[in-house]
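Asks: Pasting a structure here, questions to come.
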Amino acid sequence: MMAGASTFGTVFVAGSGFMGSAIAFLVASKTSASVQIFDISDAQLAKAEATIEKFGKTSVEKGFLTVDQFIDAKKRIHATKSEQLAAHSDLVIEAIAEDLDLKKDLFKRLDNICKKEAIFASNTSSLSITSLAAATKRSSQFIGMHFFSPAHVMKLVELIPGCDTSAETLEKVKTFGEELGKTLICSKDFPGFITTRLGLVLINEAAFALMEGLSTAKEIDTGMVLGYNHPMGPLALADFIGLDICLHILETLQEGFGDPKYRPCPIIKQLVSAGHLGKKTGKGFYDYGG
């Protein structure tokens, strides 16, 4: 059995990092869509292809895909360094660095390349969808589509309509999300939306608790894992996300709401200044032996 039907025949995924690779694999494995995965780096695209291969093998081993389904999905994923290949895409999903100006520049370029009916979606976890949409001439066809890592495993997708997003765009993207097998929630376009806002407040408060000597990082995390049934504690989660990313999001929340309750904990700033960004550098709230 091959992948199911798709609301969008061709999907252009901009950004081939871990998230972009997972989104490309998800779309190709769950629907019949053709997927272009774009990056400016040959090395990054090669890494993405290896990551997708790993996702597929693991999915086959766990019984989520058959070998034939994985082969079919791989045939429909095409790596490219050319933005021009977005011209015939029905949906663009952006998954590049969490930087407003970088995202705006990308969407502005793609707006001039893509057909007028194409829908644009950003995987941003905290930035204004309305601001991103304003960089294009298709704000009614622009939406936030926030996946969770790893995108092919996590069940949730958060949809964020911007100020001008049409009801038709929202419904099409909802249908597509259901085709991907996701549970969908909708948020208004305020900084951090639902999940990032609540998650980062918890991370930040856990960091303050650690800084104040309330307990150790391990015991703070154990309290949330066993007391609240979280899959991992907030400090371990911060290390997994990246402390630089957490700091950036907290600064976005503080600026967006003008509320001191979002002020980043000094210990997060200190760790970032030291280059201790979490698992990706081998040290953050925890030492990973890197």
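By order in the structure tokens, chains are A, B, ...; within a chain, residues start at 1; ligands start at 1, following the order shown.
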Write down as a list in words the residues of stretch 62-137 of chain A whose backbone DSSP state falls under alpha helix (DSSP H).
Replies: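 Result set for stretch 62-137 of chain A (alpha helix (DSSP H)): Val67, Asp68, Gln69, Phe70, Ile71, Asp72, Ala73, Lys74, Lys75, Leu100, Asp101, Leu102, Lys103, Lys104, Asp105, Leu106, Phe107, Lys108, Arg109, Leu110, Asp111, Asn112, Ile113, Ile129, Thr130, Ser131, Leu132 and Ala133 of chain A.
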Asks: Write out as a ChimeraX atom specification which residues come within 7 Å of stretch 21-24 of chain A when counting only C-alpha atoms, dropping same-chain ones fewer than 5 positions away.
Replies: /A:13,16,35,37,48,51-52,150-152
Asks: Go ahead and write the residues just picked, all heavy atoms, as a PDB file, in the first residue's frame.
Replies:
ATOM      1  N   VAL A  13       9.881  22.183   0.866  1.00  0.00           N
ATOM      2  CA  VAL A  13      10.338  22.371   2.244  1.00  0.00           C
ATOM      3  C   VAL A  13      11.628  23.181   2.208  1.00  0.00           C
ATOM      4  O   VAL A  13      12.650  22.718   1.689  1.00  0.00           O
ATOM      5  CB  VAL A  13      10.574  21.021   2.960  1.00  0.00           C
ATOM      6  CG1 VAL A  13      11.078  21.262   4.383  1.00  0.00           C
ATOM      7  CG2 VAL A  13       9.289  20.198   2.979  1.00  0.00           C
ATOM      8  N   SER A  16      16.879  22.270   5.296  1.00  0.00           N
ATOM      9  CA  SER A  16      17.088  20.817   5.344  1.00  0.00           C
ATOM     10  C   SER A  16      17.779  20.363   6.624  1.00  0.00           C
ATOM     11  O   SER A  16      18.435  19.330   6.651  1.00  0.00           O
ATOM     12  CB  SER A  16      17.915  20.354   4.135  1.00  0.00           C
ATOM     13  OG  SER A  16      19.257  20.807   4.233  1.00  0.00           O
ATOM     14  N   VAL A  35       7.949  15.962  -2.954  1.00  0.00           N
ATOM     15  CA  VAL A  35       8.562  16.865  -1.976  1.00  0.00           C
ATOM     16  C   VAL A  35       9.918  17.354  -2.471  1.00  0.00           C
ATOM     17  O   VAL A  35      10.789  16.546  -2.822  1.00  0.00           O
ATOM     18  CB  VAL A  35       8.737  16.165  -0.606  1.00  0.00           C
ATOM     19  CG1 VAL A  35       9.332  17.142   0.419  1.00  0.00           C
ATOM     20  CG2 VAL A  35       7.415  15.608  -0.109  1.00  0.00           C
ATOM     21  N   ILE A  37      13.147  19.359  -1.078  1.00  0.00           N
ATOM     22  CA  ILE A  37      13.765  19.862   0.146  1.00  0.00           C
ATOM     23  C   ILE A  37      14.939  20.734  -0.254  1.00  0.00           C
ATOM     24  O   ILE A  37      15.858  20.296  -0.940  1.00  0.00           O
ATOM     25  CB  ILE A  37      14.160  18.716   1.115  1.00  0.00           C
ATOM     26  CG1 ILE A  37      14.739  19.291   2.412  1.00  0.00           C
ATOM     27  CG2 ILE A  37      15.084  17.710   0.473  1.00  0.00           C
ATOM     28  CD1 ILE A  37      14.832  18.282   3.551  1.00  0.00           C
ATOM     29  N   ALA A  48      20.981  15.782   5.143  1.00  0.00           N
ATOM     30  CA  ALA A  48      19.527  15.596   5.188  1.00  0.00           C
ATOM     31  C   ALA A  48      19.135  14.259   4.564  1.00  0.00           C
ATOM     32  O   ALA A  48      18.272  13.543   5.097  1.00  0.00           O
ATOM     33  CB  ALA A  48      18.835  16.745   4.456  1.00  0.00           C
ATOM     34  N   THR A  51      19.867  11.626   7.005  1.00  0.00           N
ATOM     35  CA  THR A  51      18.896  11.676   8.109  1.00  0.00           C
ATOM     36  C   THR A  51      17.578  11.039   7.693  1.00  0.00           C
ATOM     37  O   THR A  51      16.978  10.267   8.446  1.00  0.00           O
ATOM     38  CB  THR A  51      18.665  13.139   8.537  1.00  0.00           C
ATOM     39  OG1 THR A  51      19.894  13.704   8.989  1.00  0.00           O
ATOM     40  CG2 THR A  51      17.636  13.223   9.655  1.00  0.00           C
ATOM     41  N   ILE A  52      17.129  11.337   6.478  1.00  0.00           N
ATOM     42  CA  ILE A  52      15.880  10.759   5.970  1.00  0.00           C
ATOM     43  C   ILE A  52      16.010   9.245   5.834  1.00  0.00           C
ATOM     44  O   ILE A  52      15.082   8.491   6.148  1.00  0.00           O
ATOM     45  CB  ILE A  52      15.494  11.426   4.633  1.00  0.00           C
ATOM     46  CG1 ILE A  52      15.033  12.861   4.890  1.00  0.00           C
ATOM     47  CG2 ILE A  52      14.407  10.636   3.903  1.00  0.00           C
ATOM     48  CD1 ILE A  52      14.894  13.724   3.648  1.00  0.00           C
ATOM     49  N   PRO A 150      10.737  15.111  17.026  1.00  0.00           N
ATOM     50  CA  PRO A 150      10.864  14.972  15.582  1.00  0.00           C
ATOM     51  C   PRO A 150       9.496  14.973  14.896  1.00  0.00           C
ATOM     52  O   PRO A 150       8.556  14.317  15.379  1.00  0.00           O
ATOM     53  CB  PRO A 150      11.568  13.628  15.417  1.00  0.00           C
ATOM     54  CG  PRO A 150      11.206  12.849  16.642  1.00  0.00           C
ATOM     55  CD  PRO A 150      11.017  13.844  17.749  1.00  0.00           C
ATOM     56  N   ALA A 151       9.388  15.701  13.804  1.00  0.00           N
ATOM     57  CA  ALA A 151       8.088  15.986  13.181  1.00  0.00           C
ATOM     58  C   ALA A 151       7.371  14.736  12.694  1.00  0.00           C
ATOM     59  O   ALA A 151       6.133  14.708  12.652  1.00  0.00           O
ATOM     60  CB  ALA A 151       8.283  16.958  12.021  1.00  0.00           C
ATOM     61  N   HIS A 152       8.107  13.693  12.327  1.00  0.00           N
ATOM     62  CA  HIS A 152       7.448  12.489  11.824  1.00  0.00           C
ATOM     63  C   HIS A 152       6.955  11.583  12.951  1.00  0.00           C
ATOM     64  O   HIS A 152       6.225  10.622  12.691  1.00  0.00           O
ATOM     65  CB  HIS A 152       8.395  11.704  10.904  1.00  0.00           C
ATOM     66  CG  HIS A 152       9.627  11.205  11.575  1.00  0.00           C
ATOM     67  ND1 HIS A 152      10.589  12.042  12.101  1.00  0.00           N
ATOM     68  CD2 HIS A 152      10.071   9.936  11.822  1.00  0.00           C
ATOM     69  CE1 HIS A 152      11.552  11.329  12.624  1.00  0.00           C
ATOM     70  NE2 HIS A 152      11.271  10.049  12.474  1.00  0.00           N
TER      71      HIS A 152
END
Asks: Which value, in Å to one decimal, gives the distance between atom CA of A:Ile119 and atom CA of A:Leu250?
Replies: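 Separation between atom CA of A:Ile119 and atom CA of A:Leu250: 29.0 Å.
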Asks: Within 8 Å of A:Ala14, counting only C-alpha atoms, which residues qualify if same-chain residues fewer than 6 places away don't, as a ChimeraX atom specification?
Replies: /A:20,37-39,92-96
Asks: As a VMD selection string, please: the residues near A:His248 (cut-off 10 Å, only C-alpha atoms, same-chain neighbours under 4 positions excluded).
Replies: chain A and resid 98 to 99 126 243 to 244 252 to 254 264 269
